[in-house]
Each structure stands twice: as structure tokens, then as C-alpha cells.
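Reading through the C-alpha cells given below for one structure.
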Amino acid sequence: MTNGLFTYTLTNTLGFEVSVTNYGGAVTSLKTPDRDGNFGEIVLGFESLDAYVHNPRYFGALIGRHANRIARGRFSLNGVEYQLPCNNGANHLHGGFKGFDKRVWDVRESEKTVHLTYFSKDGEECYPGNVAAAVDYTLLDNELRIDYRATTDQDTIVNLTNHSYFNLKGDGTILDHQLTLNADNFTPVSRDLIPTGKIRPVEETPMDFRNGKTIGAEISADYDQLGFTGGYDHNFVLNDYDGSLRSAGRLYEPSTGRVLEVLTTQPGMQFYSGNFLDGTLVGKNGVTYVKYAGLCLEPQHFPDAPNHSNFPSTVLRPGEKYIQTTVFRFSVSG
Ligand code: GLA
């Protein structure tokens, strides 16, 4: 323990291990076996818990009240215009200057679960309504399950996710990882990473991961959407969204055989290839995290949803229950 910060570790009978801190509800460590049964670290993170207090790239953190960007920090609800703080150039990102990732959560532990709760007051980061948020991390035999819940006492917007960076071989970059995404479409963005509002087919573009592809294969292709940040940082529109838990995609690392399958109840998944990592952050074991050192698969509602009526709504009203689940399922393959 340092400065009231704690980590909570869950292990299962197979030896899988996950650690979570009450600061930002961040996953600080996740250890799974490779094809030879050797356990290793598969998420990026810091050696010391104190470092999570300055976690500029959101390693492992819970993201809220509204994940990803909101154009110019503006949205209107019931005819009222709201102005959120702009902490990412001219735009609002990941809940603002002090989002859910920078809050100390209350924690309760049970056998397989770390239960986190956070009460976000009316007006916090200029969002309307008191929001009671609860996130459970549960370690089962071969999966980490994350259950998100929230309620409000006034109409507001809510979009929660987890910002873990995976690297299934534990070092180097993720360019050699193979990714499959169950998405026929994605939401293209403008230069400042705000969705244009269009839904664009992935067909015949470097965004097509439907049949599985090495991430590095086309990451440098001459394609407008990849030029903005030098890699992938896009919301993929998951096929056949109906709110039930279904597969969003699969990540495979050939040298270790590790496989991560992502299942979610959410309509979209942000695939971010770690483009803003630039070698300035030093993580576990003294490793500097270079560009593409890890990737995020963030199931969520679409970025800037409050400003696009054709995107699934992120409005939460009193009496409604926000309930979402994401499962990270681990296995090994040839
Ligand atoms: C998200 C965004 C990225 C970036 C990272 C944090 O994944 O989509 O553009 O802001 O968070 O560095």
C-alpha cells in the first residue's frame, strides 16, 4: 500500500493472475500461460503503484463517464447545451481532466471478484446528474470478465470501458500479432480523430480484419484513415449487435501461441494500436514503451455518440440501468 492506493490480486486454480488497483480501477497485471504452460505478463503497466497517479496513456484504467472523444466537448440533451472540458486539443477525451481513470474507487473483494464502485457527483467534469457506477472484475478459469453497471438521478450520458494495452508476447511490439475483428464496418474519423458520422465498409481497405491479418501488414498503407496517427485508432462497428454477449474479435500471437478472444455486449470496439506510445513511458522491468508496444481493444459505444443520431445512444435516464459486459477469454493455439 502507498498513499491509500492498493492492489487486489485474483488467482485461479490454473495459475492465471490478475491485479487491479483502486486508483482508476486499473488492471495493473495480467498473467496467462503460453503454449508451453509458462505464465507471463500480457498487459502494459507500471512497476510502482504511485506511477498510476500519472498515467497519461490510461494503462489498464477504467474509462468514464464517457469513453473516447466528444467533439469540442459539446453535446445537447433535452434541448440543454453542455460544455465539457477539452483535455485533448479542442476535444473532450475519456471523461476529461479527471475522469473515472483518475478517481479512487471503493473496493470490496469476494472469492473470484474484485467489486469496484464510484459515485460521480452531479456536475463532475461538467456532466449532468449523479451517477453511481459499479464495475466487477471476475477471474474465471480462462477468462477475465468485466461487468459494468450505472444508474443516474438525471438524464446524462454514460459510456464505460477498460483501457488495457495487450502484448501477448510480453515485449517488443504488437505488429506481429494477428487480429480478427467481427466488423464489416467502421466509423471513419477526421484528422482530430472525431468520427465524421459515416459508417464505412472495411471491404477492400486496410481496416478489413474479418479474416484475420497480421497487424503490421497494412498499418503503413497509404490510406487516409491510417495517416492521422500513424496506425489504427478506430471504432469498429460490431456485426449483428443486439446487446447480447458475443464475439467481437480474436488476437493471436504466433511465437507464444497465446490467444485472446474478446466478447462484449457493446455495439462497437475501439482498436487502438498504441500509436501515441513514444518511448517516454517506462513500465515494468524498466521497459520503455515504444510506438506499437501494446494495443487496446476497447468495447464501448461509438466515440462522439451524443453528436450523431445515427449512432447507438449513450443517454442514461433515471430509472434505467446501464449494464454492459466484456469478457477477455484466453487460450493457446498451435
Ligand atoms: C484511446 C483513443 C486514442 C488515445 C488513447 C489514449 O484509445 O482512441 O486516440 O487517446 O485512448 O492515449
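We label chains A, B, ... in the order they appear in the C-alpha cells, count residues from 1 in each chain, and number ligands from 1 in the order shown.
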Show me, as a tab-separated table, the residues of chain A having an atom within 8 Å of ligand 1, each with the closest atom pair and its distance in Å, using only C-alpha atoms and all ligand atoms.
residue	atom	partner	partner_atom_place_in_ligand_line	distance
A:Pro56	CA	ligand 1	12 (O)	7.0
A:Arg57	CA	ligand 1	12 (O)	4.2
A:Tyr58	CA	ligand 1	6 (C)	6.0
A:Asn68	CA	ligand 1	8 (O)	5.8
A:Arg69	CA	ligand 1	8 (O)	7.6
A:Asn88	CA	ligand 1	10 (O)	7.9
A:Leu93	CA	ligand 1	10 (O)	6.9
A:His94	CA	ligand 1	11 (O)	7.3
A:His163	CA	ligand 1	7 (O)	7.1
A:Leu193	CA	ligand 1	9 (O)	6.9
A:Asp233	CA	ligand 1	8 (O)	5.3
A:His234	CA	ligand 1	8 (O)	6.7
A:Gln270	CA	ligand 1	8 (O)	6.5
A:Phe271	CA	ligand 1	7 (O)	7.2
A:Tyr272	CA	ligand 1	7 (O)	5.1
A:Gly274	CA	ligand 1	12 (O)	7.4
A:Phe276	CA	ligand 1	12 (O)	5.9
A:Leu277	CA	ligand 1	12 (O)	7.6
A:Cys296	CA	ligand 1	7 (O)	6.5
A:Glu298	CA	ligand 1	7 (O)	7.3
Output N, CA, C and O atoms for every residue in that selection, as a PDB file, in the first residue's frame.
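Once everything was written out, this is selection-v6.pdb:
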ATOM      1  N   PRO A  56      -0.621   8.894 -18.179  1.00  0.00           N
ATOM      2  CA  PRO A  56      -1.133   9.722 -19.275  1.00  0.00           C
ATOM      3  C   PRO A  56      -1.732   8.928 -20.430  1.00  0.00           C
ATOM      4  O   PRO A  56      -2.533   9.473 -21.189  1.00  0.00           O
ATOM      5  N   ARG A  57      -1.361   7.663 -20.545  1.00  0.00           N
ATOM      6  CA  ARG A  57      -1.899   6.841 -21.651  1.00  0.00           C
ATOM      7  C   ARG A  57      -2.949   5.853 -21.163  1.00  0.00           C
ATOM      8  O   ARG A  57      -3.280   4.910 -21.850  1.00  0.00           O
ATOM      9  N   TYR A  58      -3.412   6.048 -19.930  1.00  0.00           N
ATOM     10  CA  TYR A  58      -4.551   5.274 -19.415  1.00  0.00           C
ATOM     11  C   TYR A  58      -4.279   3.768 -19.339  1.00  0.00           C
ATOM     12  O   TYR A  58      -5.168   2.954 -19.578  1.00  0.00           O
ATOM     13  N   ASN A  68     -13.720   7.831 -24.931  1.00  0.00           N
ATOM     14  CA  ASN A  68     -13.272   8.411 -26.192  1.00  0.00           C
ATOM     15  C   ASN A  68     -13.701   9.881 -26.336  1.00  0.00           C
ATOM     16  O   ASN A  68     -14.015  10.537 -25.348  1.00  0.00           O
ATOM     17  N   ARG A  69     -13.709  10.347 -27.587  1.00  0.00           N
ATOM     18  CA  ARG A  69     -13.815  11.805 -27.798  1.00  0.00           C
ATOM     19  C   ARG A  69     -15.244  12.296 -27.957  1.00  0.00           C
ATOM     20  O   ARG A  69     -16.092  11.600 -28.523  1.00  0.00           O
ATOM     21  N   ASN A  88      -8.075  17.282 -24.822  1.00  0.00           N
ATOM     22  CA  ASN A  88      -7.355  16.643 -25.920  1.00  0.00           C
ATOM     23  C   ASN A  88      -7.454  17.574 -27.127  1.00  0.00           C
ATOM     24  O   ASN A  88      -8.355  17.443 -27.935  1.00  0.00           O
ATOM     25  N   LEU A  93     -11.783  14.102 -24.073  1.00  0.00           N
ATOM     26  CA  LEU A  93     -11.357  12.703 -24.226  1.00  0.00           C
ATOM     27  C   LEU A  93     -11.468  11.957 -22.896  1.00  0.00           C
ATOM     28  O   LEU A  93     -10.996  12.441 -21.857  1.00  0.00           O
ATOM     29  N   HIS A  94     -12.048  10.764 -22.962  1.00  0.00           N
ATOM     30  CA  HIS A  94     -12.027   9.826 -21.837  1.00  0.00           C
ATOM     31  C   HIS A  94     -12.463  10.451 -20.503  1.00  0.00           C
ATOM     32  O   HIS A  94     -11.845  10.235 -19.459  1.00  0.00           O
ATOM     33  N   HIS A 163      -9.229   0.271 -20.490  1.00  0.00           N
ATOM     34  CA  HIS A 163      -8.182   0.694 -21.424  1.00  0.00           C
ATOM     35  C   HIS A 163      -6.894  -0.119 -21.246  1.00  0.00           C
ATOM     36  O   HIS A 163      -5.791   0.446 -21.217  1.00  0.00           O
ATOM     37  N   LEU A 193      -9.468  12.910 -35.058  1.00  0.00           N
ATOM     38  CA  LEU A 193      -9.985  11.635 -34.548  1.00  0.00           C
ATOM     39  C   LEU A 193     -11.448  11.700 -34.095  1.00  0.00           C
ATOM     40  O   LEU A 193     -11.903  10.855 -33.309  1.00  0.00           O
ATOM     41  N   ASP A 233      -6.629   3.578 -34.901  1.00  0.00           N
ATOM     42  CA  ASP A 233      -7.242   4.201 -33.725  1.00  0.00           C
ATOM     43  C   ASP A 233      -8.695   4.469 -34.102  1.00  0.00           C
ATOM     44  O   ASP A 233      -9.102   5.619 -34.267  1.00  0.00           O
ATOM     45  N   HIS A 234      -9.426   3.375 -34.254  1.00  0.00           N
ATOM     46  CA  HIS A 234     -10.767   3.464 -34.857  1.00  0.00           C
ATOM     47  C   HIS A 234     -11.784   2.600 -34.132  1.00  0.00           C
ATOM     48  O   HIS A 234     -11.452   1.540 -33.602  1.00  0.00           O
ATOM     49  N   GLN A 270     -13.183  -0.040 -30.056  1.00  0.00           N
ATOM     50  CA  GLN A 270     -12.070   0.795 -30.484  1.00  0.00           C
ATOM     51  C   GLN A 270     -10.835  -0.085 -30.549  1.00  0.00           C
ATOM     52  O   GLN A 270     -10.463  -0.726 -29.560  1.00  0.00           O
ATOM     53  N   PHE A 271     -10.233  -0.157 -31.734  1.00  0.00           N
ATOM     54  CA  PHE A 271      -8.944  -0.841 -31.867  1.00  0.00           C
ATOM     55  C   PHE A 271      -7.895   0.253 -32.004  1.00  0.00           C
ATOM     56  O   PHE A 271      -7.883   1.008 -32.962  1.00  0.00           O
ATOM     57  N   TYR A 272      -7.044   0.330 -30.993  1.00  0.00           N
ATOM     58  CA  TYR A 272      -6.008   1.369 -30.930  1.00  0.00           C
ATOM     59  C   TYR A 272      -4.659   0.658 -30.877  1.00  0.00           C
ATOM     60  O   TYR A 272      -4.409  -0.149 -29.967  1.00  0.00           O
ATOM     61  N   GLY A 274      -1.670   1.653 -30.228  1.00  0.00           N
ATOM     62  CA  GLY A 274      -0.601   2.208 -29.374  1.00  0.00           C
ATOM     63  C   GLY A 274       0.246   3.246 -30.093  1.00  0.00           C
ATOM     64  O   GLY A 274       1.441   3.401 -29.810  1.00  0.00           O
ATOM     65  N   PHE A 276       0.375   6.444 -29.913  1.00  0.00           N
ATOM     66  CA  PHE A 276       0.891   7.591 -29.157  1.00  0.00           C
ATOM     67  C   PHE A 276       1.980   7.191 -28.159  1.00  0.00           C
ATOM     68  O   PHE A 276       2.530   8.047 -27.472  1.00  0.00           O
ATOM     69  N   LEU A 277       2.261   5.906 -28.049  1.00  0.00           N
ATOM     70  CA  LEU A 277       3.387   5.496 -27.192  1.00  0.00           C
ATOM     71  C   LEU A 277       4.651   5.901 -27.944  1.00  0.00           C
ATOM     72  O   LEU A 277       4.789   5.635 -29.132  1.00  0.00           O
ATOM     73  N   CYS A 296      -4.891  -1.715 -27.657  1.00  0.00           N
ATOM     74  CA  CYS A 296      -6.120  -1.726 -26.875  1.00  0.00           C
ATOM     75  C   CYS A 296      -7.275  -2.226 -27.736  1.00  0.00           C
ATOM     76  O   CYS A 296      -7.393  -1.852 -28.910  1.00  0.00           O
ATOM     77  N   GLU A 298     -11.071  -1.934 -27.013  1.00  0.00           N
ATOM     78  CA  GLU A 298     -11.942  -1.283 -26.043  1.00  0.00           C
ATOM     79  C   GLU A 298     -13.398  -1.373 -26.497  1.00  0.00           C
ATOM     80  O   GLU A 298     -13.840  -0.523 -27.271  1.00  0.00           O
TER      81      GLU A 298
END
### Message
Give me the residues near Asn3 (chain A) as a list in words, where near means some atom within 12 Å (using only C-alpha atoms) and where sequence neighbours in that chain fewer than 5 positions away do not count.
### Response
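Once the adjacent positions are removed, what remains is Asn22, Tyr23, Ser48, Leu49, Asp50, Ala51, Tyr52, Val53 and Val104 of chain A.
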### Query
How many Å separate CA of Asp224 (chain A) from CA of Thr205 (chain A)?
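Going from CA of Asp224 (chain A) over to CA of Thr205 (chain A) covers 10.3 Å.
By chain and then residue number, the residues within 12 Å of region 14-16 of chain A are Ser29, Leu30, Lys31, Thr32, Pro33, Asp34, Gly37, Asn38, Phe39, Gly40, Glu41, Ile42, Lys112, Thr138, Leu139, Leu140, Asp141, Asn142, Glu143, Leu144, Arg329, Phe330 and Ser331 of chain A, counting only C-alpha atoms and disregarding those fewer than 6 positions away in sequence.
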### DSSP helix (DSSP H, G or I) selection over region 15-258 of chain A, as a count of residues only
21
### Task
Using CA of Gly96 (chain A) and CA of Thr7 (chain A) as the two end points, give the distance in Å to one decimal.
24.5 Å
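Using only C-alpha atoms, the shortest contact distance between Arg317 (chain A) and any of A:Asp36, A:Tyr82, A:Gln154, A:Asp147 is found at A:Gln154.
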### Task
Please identify all polymer residues within 7 Å of region 261-267 of chain A, counting only C-alpha atoms, omitting same-chain residues fewer than 5 positions from it, and present them as a PyMOL selection string.
chain A and resi 237-238+241+243-251+299-301+324-330
### Task
Report the residues of region 105-219 of chain A whose backbone DSSP state falls under strand (DSSP E), written as JSON, numbers by chain.
{"A": [106, 107, 108, 109, 113, 114, 115, 116, 117, 118, 119, 120, 131, 132, 133, 134, 135, 136, 137, 138, 139, 143, 144, 145, 146, 147, 148, 149, 150, 151, 152, 156, 157, 161, 162, 163, 165, 166, 178, 179, 180, 181, 185, 186, 187, 200, 201, 213, 214]}
Quick one: contact table of region 177-234 of chain A to region 284-291 of chain A, 12 Å max, nearest atom pair and distance in Å to one decimal per residue, counting only C-alpha atoms, chain and number order, as CSV?
residue,atom,partner,partner_atom,distance
A:Thr229,CA,A:Lys291,CA,10.8
A:Gly230,CA,A:Lys291,CA,9.5
A:Gly231,CA,A:Lys291,CA,9.6
A:Tyr232,CA,A:Lys291,CA,11.7
Store the residues of this selection in a file with C-alpha atoms, as an mmCIF file, in the first residue's frame.
data_model
loop_
_atom_site.group_PDB
_atom_site.id
_atom_site.type_symbol
_atom_site.label_atom_id
_atom_site.label_comp_id
_atom_site.auth_asym_id
_atom_site.auth_seq_id
_atom_site.Cartn_x
_atom_site.Cartn_y
_atom_site.Cartn_z
ATOM 1 C CA THR A 229 -1.967 8.976 -36.038
ATOM 2 C CA GLY A 230 0.292 6.552 -37.882
ATOM 3 C CA GLY A 231 -1.744 3.462 -37.137
ATOM 4 C CA TYR A 232 -5.127 2.135 -36.108
#
### Query
Which one of A:Pro254, A:Pro312, A:Pro306, A:Gly129 sits closest to Gly268 (chain A) if you count only C-alpha atoms?
A:Pro312
### Query
Near region 168-179 of chain A, counting only C-alpha atoms, which residues have an atom at most 7 Å away, once you skip same-chain residues fewer than 2 positions from it, shown as a list of chain:residue names?
A:Gly40, A:Glu41, A:Ile42, A:Phe166, A:Leu181, A:Phe209, A:Gly212, A:Lys213, A:Thr214, A:Ile215, A:Gly216, A:Arg250, A:Leu251, A:Tyr252, A:Glu253, A:Thr256, A:Arg258, A:Tyr292, A:Ala293, A:Gly294, A:Leu295
### Task
Please indicate the distance in Å from CA of Val332 (chain A) to CA of Gly257 (chain A), rounded to one decimal place.
5.0 Å
### Task
Could you check which of A:Phe236, A:Tyr223, A:Tyr127, A:Phe119 is closest to Phe75 (chain A), using only C-alpha atoms?
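Of the candidates, the smallest distance to Phe75 (chain A) is held by A:Tyr127.
Residue nearest Val189 (chain A), chosen from A:Val315, A:Lys102, A:Asn235, A:Gly64 and counting only C-alpha atoms: A:Asn235.
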### Query
Which residue, A:Thr113, A:Ser164, A:Asn91, A:Ser333, has the smallest gap to Asn12 (chain A) when you use only C-alpha atoms?
A:Thr113
